[in-house]
Amino acid sequence: MLSVIGIGPGSETMMTQDAIEAIRAAEIVVGYKTYTHLVKSLTGDKQVIKTGMCKEIERCQTAIDLAMAGHKVALISSGDAGIYGMAGLVLELVGQQQLDLEVKLVAGITASIAAASLLGAPLMHDFCHISLSDLLTPWPVIEKRIIAAAQADFVICFYNPRSRGREGHLARAFELMKPHKSLETPVGVVKAAGRKKQEKWLTTLGEMDFTPVDMTSLVIVGNHTTYCRNGLMITPRGYVL
């Protein structure tokens with residue numbers, strides 16, 4: 001059997017009990033090396049197969065092959081495996097190869113939920129996720145989605161916001177939102193949520209400093225009703241108080 005597991009944003013305290021039990025039940029754990037390090041307290045003397053970045057297909061195929069050979073395999077992703085993780089790729093490969101393999105999907109806490117809990121309650125109304133990585137999605141498509149989300153007044157959670165290879169993508173996203181959102185719109189940033197170097201801060205659309213943001217960051221841009229009070233970011237649900 002192959003379990004595709006979301007391990008949450010970082011710490012074991014933010015993992016679901018199902019995820020912990022699935023890792024403990026596995027004979028072999030497969031994952032990106034950074035993520036296998038995050039669960040080393042659970043892997044003990046199990047066989048752990050680590051791969052680097054941009055090896056997603058190889059990683060999933062390795063996990064599938066081991067499971068088809070009769071092993072209990074855990075393939076791990078950060079956050080939730082079904083949100084920018086390995087779940088979809090595994091199901092695509094299993095289906096394409098017409099394999100008779102039991103695949104169990106184990107939910108995890110995704111970055112936007114972890115970040116929101118640290119910032120306050122920014123996701124109380126309609127929101128969306130947009131990844132700024134253009135490795136698999138053409139940048140013009142990403143731009144269309146940013147504009148559409150801003151026009152619709154969604155709270156927007158930006159994944160993969162800024163890296164060495166795409167330092168200007170987040171700044172461009174903010175420029176695309178400005179015709180549709182006020183410069184006073186609250187913005188929350190959480191870096192390394194649930195990990196030892198966790199940081200968080202609040203700013204606005206107009207005063208955003210992109211420099212400290214990196215690939216471990218999650219950026220949440222509010223809607224027209226979002227406000228900050230006592231260091232917390234709040235998006236009203238609409239209750240009459």
# chains A, B, ... in the order shown; residues from 1 in each chain; ligands from 1
>>> closest_atom_pairs(of="region 19-79 of chain A", to="region 207-228 of chain A", cutoff="12 Å", atoms="only C-alpha atoms", output="CSV")
residue,atom,partner,partner_atom,distance
A:Thr34,CA,A:Thr216,CA,11.6
A:Ser78,CA,A:Thr216,CA,10.9
A:Gly79,CA,A:Thr216,CA,11.6
>>> write_last_selection(atoms="C-alpha atoms", output="compact mmCIF listing (two decimals), in the first residue's frame")
# COMPACT_ATOMS: atom_id res chain seq x y z
CA THR A 34 13.96 18.82 3.67
CA SER A 78 4.71 19.41 3.27
CA GLY A 79 1.34 20.94 4.09
>>> closest_residue(among="A:Cys157, A:Ile113, A:Leu132, A:Val30", to="Ile76 (chain A)", atoms="only C-alpha atoms")
A:Val30
>>> select_by_dssp(residues="region 12-236 of chain A", states="helix (DSSP H, G or I)", output="ChimeraX atom specification")
/A:12-14,17-25,33-38,40-43,56-68,87-96,111-119,139-151,164-166,169-177
>>> closest_residue(among="A:Gln151, A:Ser112, A:Ser77, A:Thr13", to="Lys178 (chain A)", atoms="only C-alpha atoms")
A:Gln151
>>> closest_residue(among="A:Val94, A:Met68, A:Val103, A:Met14", to="Leu2 (chain A)", atoms="only C-alpha atoms")
A:Val103
>>> residues_around(residues="Ser117 (chain A)", least_positions_apart="4", cutoff="12 Å", atoms="only C-alpha atoms", output="ChimeraX atom specification")
/A:14,109-113,121-124,188-190,193-194,200,220,232-234
>>> residues_around(residues="Lys144 (chain A)", least_positions_apart="5", cutoff="12 Å", atoms="only C-alpha atoms", output="number ranges by chain")
A: 130, 132, 137-139, 149-151, 173, 176-177
>>> write_last_selection(atoms="all heavy atoms", output="mmCIF file, in the first residue's frame")
data_model
loop_
_atom_site.group_PDB
_atom_site.id
_atom_site.type_symbol
_atom_site.label_atom_id
_atom_site.label_comp_id
_atom_site.auth_asym_id
_atom_site.auth_seq_id
_atom_site.Cartn_x
_atom_site.Cartn_y
_atom_site.Cartn_z
ATOM 1 N N ILE A 130 -3.077 30.953 -4.918
ATOM 2 C CA ILE A 130 -2.384 31.133 -6.197
ATOM 3 C C ILE A 130 -0.896 30.893 -5.974
ATOM 4 O O ILE A 130 -0.283 31.530 -5.116
ATOM 5 C CB ILE A 130 -2.599 32.545 -6.785
ATOM 6 C CG1 ILE A 130 -4.090 32.789 -7.069
ATOM 7 C CG2 ILE A 130 -1.776 32.721 -8.063
ATOM 8 C CD1 ILE A 130 -4.396 34.185 -7.600
ATOM 9 N N LEU A 132 2.867 31.297 -7.271
ATOM 10 C CA LEU A 132 3.613 32.168 -8.178
ATOM 11 C C LEU A 132 4.774 31.435 -8.862
ATOM 12 O O LEU A 132 5.590 32.057 -9.531
ATOM 13 C CB LEU A 132 4.131 33.396 -7.433
ATOM 14 C CG LEU A 132 3.049 34.339 -6.891
ATOM 15 C CD1 LEU A 132 3.673 35.582 -6.282
ATOM 16 C CD2 LEU A 132 2.051 34.733 -7.988
ATOM 17 N N THR A 137 3.301 26.127 -14.628
ATOM 18 C CA THR A 137 2.179 26.933 -15.113
ATOM 19 C C THR A 137 2.720 28.168 -15.816
ATOM 20 O O THR A 137 3.521 28.906 -15.231
ATOM 21 C CB THR A 137 1.276 27.378 -13.941
ATOM 22 O OG1 THR A 137 0.873 26.222 -13.198
ATOM 23 C CG2 THR A 137 0.046 28.108 -14.450
ATOM 24 N N PRO A 138 2.313 28.431 -17.049
ATOM 25 C CA PRO A 138 2.826 29.619 -17.765
ATOM 26 C C PRO A 138 2.514 30.902 -17.002
ATOM 27 O O PRO A 138 1.410 31.054 -16.466
ATOM 28 C CB PRO A 138 2.082 29.571 -19.104
ATOM 29 C CG PRO A 138 1.676 28.135 -19.272
ATOM 30 C CD PRO A 138 1.405 27.626 -17.878
ATOM 31 N N TRP A 139 3.464 31.826 -16.963
ATOM 32 C CA TRP A 139 3.272 33.061 -16.224
ATOM 33 C C TRP A 139 2.056 33.864 -16.702
ATOM 34 O O TRP A 139 1.323 34.412 -15.864
ATOM 35 C CB TRP A 139 4.533 33.917 -16.263
ATOM 36 C CG TRP A 139 4.377 35.190 -15.488
ATOM 37 C CD1 TRP A 139 4.301 36.454 -15.966
ATOM 38 C CD2 TRP A 139 4.202 35.311 -14.059
ATOM 39 N NE1 TRP A 139 4.098 37.361 -14.955
ATOM 40 C CE2 TRP A 139 4.043 36.690 -13.772
ATOM 41 C CE3 TRP A 139 4.173 34.391 -13.015
ATOM 42 C CZ2 TRP A 139 3.852 37.157 -12.478
ATOM 43 C CZ3 TRP A 139 3.984 34.870 -11.717
ATOM 44 C CH2 TRP A 139 3.826 36.242 -11.469
ATOM 45 N N ALA A 149 -8.830 37.165 -9.461
ATOM 46 C CA ALA A 149 -9.043 37.054 -8.015
ATOM 47 C C ALA A 149 -9.143 38.426 -7.365
ATOM 48 O O ALA A 149 -9.946 38.642 -6.457
ATOM 49 C CB ALA A 149 -7.915 36.250 -7.383
ATOM 50 N N ALA A 150 -8.316 39.361 -7.821
ATOM 51 C CA ALA A 150 -8.361 40.721 -7.279
ATOM 52 C C ALA A 150 -9.664 41.411 -7.655
ATOM 53 O O ALA A 150 -10.297 42.081 -6.827
ATOM 54 C CB ALA A 150 -7.162 41.523 -7.775
ATOM 55 N N GLN A 151 -10.090 41.241 -8.903
ATOM 56 C CA GLN A 151 -11.352 41.843 -9.349
ATOM 57 C C GLN A 151 -12.539 41.291 -8.565
ATOM 58 O O GLN A 151 -13.491 42.022 -8.264
ATOM 59 C CB GLN A 151 -11.553 41.574 -10.842
ATOM 60 C CG GLN A 151 -10.643 42.378 -11.748
ATOM 61 C CD GLN A 151 -10.830 42.014 -13.212
ATOM 62 O OE1 GLN A 151 -11.181 40.874 -13.536
ATOM 63 N NE2 GLN A 151 -10.589 42.964 -14.102
ATOM 64 N N ALA A 173 2.849 40.641 -9.036
ATOM 65 C CA ALA A 173 1.508 40.279 -8.575
ATOM 66 C C ALA A 173 0.847 41.450 -7.856
ATOM 67 O O ALA A 173 -0.347 41.724 -8.050
ATOM 68 C CB ALA A 173 1.583 39.066 -7.653
ATOM 69 N N LEU A 176 -0.353 44.022 -10.296
ATOM 70 C CA LEU A 176 -1.569 43.587 -10.973
ATOM 71 C C LEU A 176 -2.799 43.754 -10.091
ATOM 72 O O LEU A 176 -3.915 43.968 -10.593
ATOM 73 C CB LEU A 176 -1.436 42.119 -11.390
ATOM 74 C CG LEU A 176 -0.413 41.824 -12.485
ATOM 75 C CD1 LEU A 176 -0.208 40.327 -12.636
ATOM 76 C CD2 LEU A 176 -0.854 42.436 -13.820
ATOM 77 N N MET A 177 -2.620 43.664 -8.769
ATOM 78 C CA MET A 177 -3.757 43.803 -7.845
ATOM 79 C C MET A 177 -4.128 45.250 -7.572
ATOM 80 O O MET A 177 -5.287 45.541 -7.218
ATOM 81 C CB MET A 177 -3.432 43.096 -6.516
ATOM 82 C CG MET A 177 -3.387 41.591 -6.595
ATOM 83 S SD MET A 177 -3.197 40.817 -4.952
ATOM 84 C CE MET A 177 -1.500 41.303 -4.547
#
>>> closest_residue(among="A:Ile83, A:Leu135, A:Leu93, A:Leu42", to="Glu58 (chain A)", atoms="only C-alpha atoms")
A:Leu93
>>> select_by_dssp(residues="region 177-207 of chain A", states="strand (DSSP E or B)", output="VMD selection string")
chain A and resid 186 to 191 199 to 204
>>> write_last_selection(atoms="N, CA, C and O atoms", output="tab-separated table (two decimals), in the first residue's frame")
chain	number	residue	atom	x	y	z
A	186	PRO	N	-4.83	45.25	4.05
A	186	PRO	CA	-3.87	44.56	4.91
A	186	PRO	C	-3.25	43.34	4.21
A	186	PRO	O	-3.91	42.64	3.44
A	187	VAL	N	-1.97	43.14	4.51
A	187	VAL	CA	-1.23	41.99	4.00
A	187	VAL	C	-0.51	41.35	5.18
A	187	VAL	O	0.12	42.04	5.98
A	188	GLY	N	-0.63	40.03	5.28
A	188	GLY	CA	0.08	39.29	6.32
A	188	GLY	C	1.09	38.35	5.69
A	188	GLY	O	0.79	37.72	4.67
A	189	VAL	N	2.26	38.25	6.30
A	189	VAL	CA	3.30	37.35	5.81
A	189	VAL	C	3.75	36.45	6.95
A	189	VAL	O	4.01	36.94	8.06
A	190	VAL	N	3.81	35.16	6.69
A	190	VAL	CA	4.35	34.22	7.66
A	190	VAL	C	5.48	33.45	6.98
A	190	VAL	O	5.31	32.91	5.90
A	191	LYS	N	6.60	33.43	7.64
A	191	LYS	CA	7.79	32.77	7.11
A	191	LYS	C	8.11	31.56	7.98
A	191	LYS	O	8.14	31.66	9.21
A	199	GLU	N	8.62	33.39	11.50
A	199	GLU	CA	8.45	34.85	11.62
A	199	GLU	C	7.09	35.22	11.06
A	199	GLU	O	6.54	34.51	10.21
A	200	LYS	N	6.56	36.36	11.48
A	200	LYS	CA	5.31	36.86	10.90
A	200	LYS	C	5.29	38.37	11.01
A	200	LYS	O	5.89	38.95	11.92
A	201	TRP	N	4.61	39.01	10.08
A	201	TRP	CA	4.46	40.46	10.16
A	201	TRP	C	3.27	40.90	9.32
A	201	TRP	O	2.81	40.19	8.43
A	202	LEU	N	2.77	42.09	9.67
A	202	LEU	CA	1.65	42.70	8.96
A	202	LEU	C	2.11	43.95	8.25
A	202	LEU	O	2.95	44.70	8.75
A	203	THR	N	1.54	44.19	7.08
A	203	THR	CA	1.85	45.39	6.32
A	203	THR	C	0.62	45.72	5.47
A	203	THR	O	-0.49	45.30	5.81
A	204	THR	N	0.78	46.47	4.41
A	204	THR	CA	-0.33	46.79	3.52
A	204	THR	C	0.10	46.59	2.08
A	204	THR	O	1.29	46.45	1.77
>>> atom_distance(atom1="CA of Glu21 (chain A)", atom2="CA of Tyr159 (chain A)")
27.6 Å
>>> atom_distance(atom1="CA of Thr16 (chain A)", atom2="CA of Val106 (chain A)")
8.7 Å
>>> atom_distance(atom1="CA of Gln47 (chain A)", atom2="CA of Gly6 (chain A)")
18.8 Å
>>> residues_around(residues="Thr51 (chain A)", least_positions_apart="5", cutoff="12 Å", atoms="only C-alpha atoms", output="VMD selection string")
chain A and resid 29 to 37 56 to 63 75 to 76
